[in-house]
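Novice: Structure below; questions to follow.
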Amino acid sequence: MLRALPQLSSHLRCTPSASAFGAARLAAPRVQLMSSASAARDAPAPLSAKALSVQLTQTPKPKQPLNQLVFGQTFTDHMLTIEWQASKGWAAPKIQPYGKISLEPSATVFHYALECFEGLKAYKDKQGRIRLFRPDMNITRFLKSCKRLTLPSFDKEELLTLIKQYVKTEQSWIPSERGYSLYLRPTAIATQESLGVGPSNRSLVFVIASPVGPYYKTGFSAVSLYASKEYVRAWPGGTGDAKLGSNYASGIRPQIEVAKDGYQQILWLFGPNSEITEVGTMNFFMYWINEKGEKELRTPPLDGTILPGVTRDSILTLSREWGEFKVAEGSITMDMVTRALKDGRILEMFGAGTAAIVSPIKRIHYDNQDLNIPVDPKDPTSQAGPLTKRFADTIMGIQYGEIPHKWSVVVD
């Protein structure tokens, strides 16, 4: 037979003893300290340039003559690699011999295009010093692209320090001649070994480098564009303002198609009003006399469909500093272009980007007709207008340290 247990008094059930209170007070700080120390040990490691290790190649590659360089075909002796895991954070960065990357076929980068990259250049000035052009802007954009794809974040200064160290390691690959440089390609990919759409718990950041020559080896050569209504590069709410490989992949087929008809690039349009967004892989600029009779440099606004180019920002900043003409970031429609051409108000057009700095435009195919764009009204034989040339000369002068400027960062 079950017996009822005696009922404890409410005092004994609810009120701890004075000694218990004292023990709790003494134990609490120790528990908090132990918890903080444990949390510090378990927290994912941040990216640290101080943890960098360097393994130099034992078989250096022969260097090609400069006149044989083809963009993106020759690569230096080493690469920078940094692995990341969600549970552990960033591993120690490594500069190691350039070589293959081994990934499982199930790595998410292969299935869901979780990849982004950057493009910047290292230069040598007349004194042999290494210079980078506005690398902080590239790092900031790289971080933005990573966040858009849920790839891991990082400390921008730490990554920039690592890239500088990598450039110093590869400095013998930086050509000394003006117009030549070392192209740097930071890249981030998702490496989780599983199928299923979602954030990756593993990632790899790597940087490779390629010596490159001038975009126009024999001087400017104005390009012809095909204004496409069939294909769209980006759209509101998409990823047009991030530097993702997937943004470029979709533009390959359209470019091949228009090249058959003699056009070098696509002029990307969007919406019912045929708004100009970008030209090929560059930002678009139009120098014209606007409806108010003012000379104006105009470029499409950063509305989420436009990549915030470093060269784009440099051109806008220089223009505002010069103060010689109006500068506007606003809509440009093909109707505006055709009306301005009819009125003789177009002065120059060009694309802008890291590879070429500026690329003059001489012709646009739109609505089954070719629109001839003035290049230099004072010189019909010229392949670039005076303002286009001025931007090219000024920016290149800064890049090579010939024009003192805060944008040119010396790598010590």
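Letters for chains follow the order of the structure tokens (A, B, ...), residue numbers begin at 1 for each chain, and ligand numbers begin at 1 in the order shown.
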Which residues come within 9 Å of Gln73 in chain A, counting only C-alpha atoms, excluding same-chain residues fewer than 5 positions away, as a ChimeraX atom specification?

Specialist: /A:210-212

Novice: Okay, now the selection with C-alpha atoms, as an mmCIF file, in the first residue's frame?

Specialist:
data_model
loop_
_atom_site.group_PDB
_atom_site.id
_atom_site.type_symbol
_atom_site.label_atom_id
_atom_site.label_comp_id
_atom_site.auth_asym_id
_atom_site.auth_seq_id
_atom_site.Cartn_x
_atom_site.Cartn_y
_atom_site.Cartn_z
ATOM 1 C CA SER A 210 48.060 38.211 -64.596
ATOM 2 C CA PRO A 211 50.452 40.654 -66.302
ATOM 3 C CA VAL A 212 48.581 42.647 -68.945
#

Novice: I'd like a table as JSON lines: residues in range 127-180 of chain A with an atom no more than 10 Å from range 382-398 of chain A, each row giving the shortest atom pair and its distance in Å to one decimal, only C-alpha atoms counted, sorted by chain and rising residue number.

Specialist:
{"residue": "A:Arg131", "atom": "CA", "partner": "A:Ile398", "partner_atom": "CA", "distance": 9.7}
{"residue": "A:Leu132", "atom": "CA", "partner": "A:Ile398", "partner_atom": "CA", "distance": 10.0}
{"residue": "A:Phe133", "atom": "CA", "partner": "A:Ile398", "partner_atom": "CA", "distance": 8.0}
{"residue": "A:Arg178", "atom": "CA", "partner": "A:Met396", "partner_atom": "CA", "distance": 8.8}
{"residue": "A:Gly179", "atom": "CA", "partner": "A:Met396", "partner_atom": "CA", "distance": 8.0}

Novice: Hey, which of A:Phe284, A:Val70, A:Gly128, A:Val279 ends up closest to Tyr216 in chain A? Count only C-alpha atoms.

Specialist: A:Val70

Novice: Give me, please, the distance in Å between CA of Glu348 in chain A and CA of Ser221 in chain A, quoted to one decimal.

Specialist: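 Atom-to-atom, CA of Glu348 in chain A to CA of Ser221 in chain A, that is 13.9 Å.
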
Novice: Could you give me, as a PyMOL selection string, each residue of range 176-334 of chain A that DSSP assigns to strand (DSSP E or B) when run on this structure's backbone?

Specialist: chain A and resi 181-190+193+202-212+217+219+223-228+244+265-270+275-279+282-289+295-299+326-329+333

Novice: Give me the residues within 12 Å of Asn273 in chain A as a PyMOL selection string, counting only C-alpha atoms and dropping any in the same chain fewer than 2 places off.

Specialist: chain A and resi 229+269-271+275-277+331-337

Novice: Glu193 in chain A: which residues within 10 Å, counting only C-alpha atoms, same-chain residues fewer than 5 positions away excluded, as a list in words?

Specialist: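 Counting only C-alpha atoms, the residues come to Leu103, Glu104, Pro105, Ser106, Ala107, Thr108, Val109, Ser200, Asn201 and Arg202 of chain A.
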
Novice: Could you pull out the residues in range 221-336 of chain A that DSSP calls alpha helix (DSSP H) from the backbone, as a ChimeraX atom specification?

Specialist: /A:245-249,252-259,310-322,334-336

Novice: For CA of Lys144 in chain A and CA of Leu204 in chain A, quote the distance in Å rounded to one decimal.

Specialist: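 Between these atoms lies a distance of 16.2 Å.
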
Novice: List every residue of range 261-298 of chain A that has an atom at most 12 Å from any atom of range 371-381 of chain A, giving for each one its closest atom pair and the distance in Å to one decimal, counting only C-alpha atoms, sorted by chain and then by ascending residue number, as JSON lines.

Specialist:
{"residue": "A:Met286", "atom": "CA", "partner": "A:Ile373", "partner_atom": "CA", "distance": 10.3}
{"residue": "A:Tyr287", "atom": "CA", "partner": "A:Pro374", "partner_atom": "CA", "distance": 10.3}
{"residue": "A:Trp288", "atom": "CA", "partner": "A:Pro374", "partner_atom": "CA", "distance": 10.3}

Novice: When distances are computed from only C-alpha atoms, which of A:Thr299, A:Ser408, A:Ser48, A:Thr140 shows the smallest separation from Trp90 in chain A?

Specialist: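 Selected residue with least distance to Trp90 in chain A: A:Ser48.
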
Novice: For range 161-174 of chain A, list every protein, DNA or RNA residue within 7 Å, evaluated using only C-alpha atoms, and leave out those in the same chain fewer than 3 positions away; present the list as an mmCIF file with N, CA and C atoms, in the first residue's frame.

Specialist:
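Okay, this is what ended up in around30.cif:
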data_model
loop_
_atom_site.group_PDB
_atom_site.id
_atom_site.type_symbol
_atom_site.label_atom_id
_atom_site.label_comp_id
_atom_site.auth_asym_id
_atom_site.auth_seq_id
_atom_site.Cartn_x
_atom_site.Cartn_y
_atom_site.Cartn_z
ATOM 1 N N ALA A 49 45.656 39.044 -41.170
ATOM 2 C CA ALA A 49 46.827 39.108 -42.041
ATOM 3 C C ALA A 49 48.087 38.644 -41.316
ATOM 4 N N THR A 76 50.915 34.480 -62.804
ATOM 5 C CA THR A 76 52.155 34.577 -62.050
ATOM 6 C C THR A 76 52.453 33.277 -61.304
ATOM 7 N N LEU A 80 47.114 33.631 -53.616
ATOM 8 C CA LEU A 80 46.738 33.801 -52.215
ATOM 9 C C LEU A 80 45.448 33.034 -51.983
ATOM 10 N N ILE A 95 50.069 32.231 -49.031
ATOM 11 C CA ILE A 95 50.581 32.514 -50.368
ATOM 12 C C ILE A 95 51.343 31.268 -50.772
ATOM 13 N N TYR A 123 50.603 48.715 -60.423
ATOM 14 C CA TYR A 123 51.437 49.424 -61.389
ATOM 15 C C TYR A 123 52.828 49.661 -60.796
ATOM 16 N N LYS A 124 53.793 49.920 -61.656
ATOM 17 C CA LYS A 124 55.116 50.369 -61.219
ATOM 18 C C LYS A 124 55.360 51.772 -61.755
ATOM 19 N N GLU A 157 40.333 45.901 -44.089
ATOM 20 C CA GLU A 157 41.747 46.272 -43.947
ATOM 21 C C GLU A 157 42.646 45.041 -43.923
ATOM 22 N N GLU A 158 42.170 43.973 -43.306
ATOM 23 C CA GLU A 158 42.966 42.744 -43.254
ATOM 24 C C GLU A 158 43.146 42.157 -44.651
ATOM 25 N N SER A 181 50.595 46.555 -66.647
ATOM 26 C CA SER A 181 50.271 46.431 -65.232
ATOM 27 C C SER A 181 50.097 44.962 -64.859
ATOM 28 N N LEU A 182 49.844 44.733 -63.592
ATOM 29 C CA LEU A 182 49.545 43.384 -63.106
ATOM 30 C C LEU A 182 48.084 43.358 -62.679
ATOM 31 N N PRO A 211 49.891 39.458 -65.675
ATOM 32 C CA PRO A 211 50.452 40.654 -66.302
ATOM 33 C C PRO A 211 49.705 40.971 -67.596
ATOM 34 N N VAL A 411 52.557 50.676 -52.319
ATOM 35 C CA VAL A 411 52.688 49.446 -51.530
ATOM 36 C C VAL A 411 54.112 49.371 -51.012
#

Novice: List the neighbours of Tyr226 in chain A out to 6 Å using only C-alpha atoms; skip same-chain residues closer than 2 positions along the sequence, and give me the result as a list in words.

Specialist: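 So, after excluding close chain neighbours, the residues are Ser228, Ile266, Leu267, Ile364 and His365 of chain A.
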
Novice: May I ask for the distance between CA of Asn138 in chain A and CA of Pro65 in chain A, given in Å to one decimal place?

Specialist: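 Computed distance, CA of Asn138 in chain A to CA of Pro65 in chain A, equals 29.0 Å.
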
Novice: Here is a test: counting only C-alpha atoms, which residue of A:Thr187, A:Gln85, A:Asn247, A:Thr218 is nearest to Asn67 in chain A?

Specialist: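 Among the listed residues, A:Thr218 lies closest to Asn67 in chain A.
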
Novice: When distances are computed from only C-alpha atoms, which of A:Asp412, A:Glu329, A:Asp313, A:Glu115 shows the smallest separation from Ser145 in chain A?

Specialist: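 Residue with the minimum atom-to-atom distance to Ser145 in chain A: A:Glu115.
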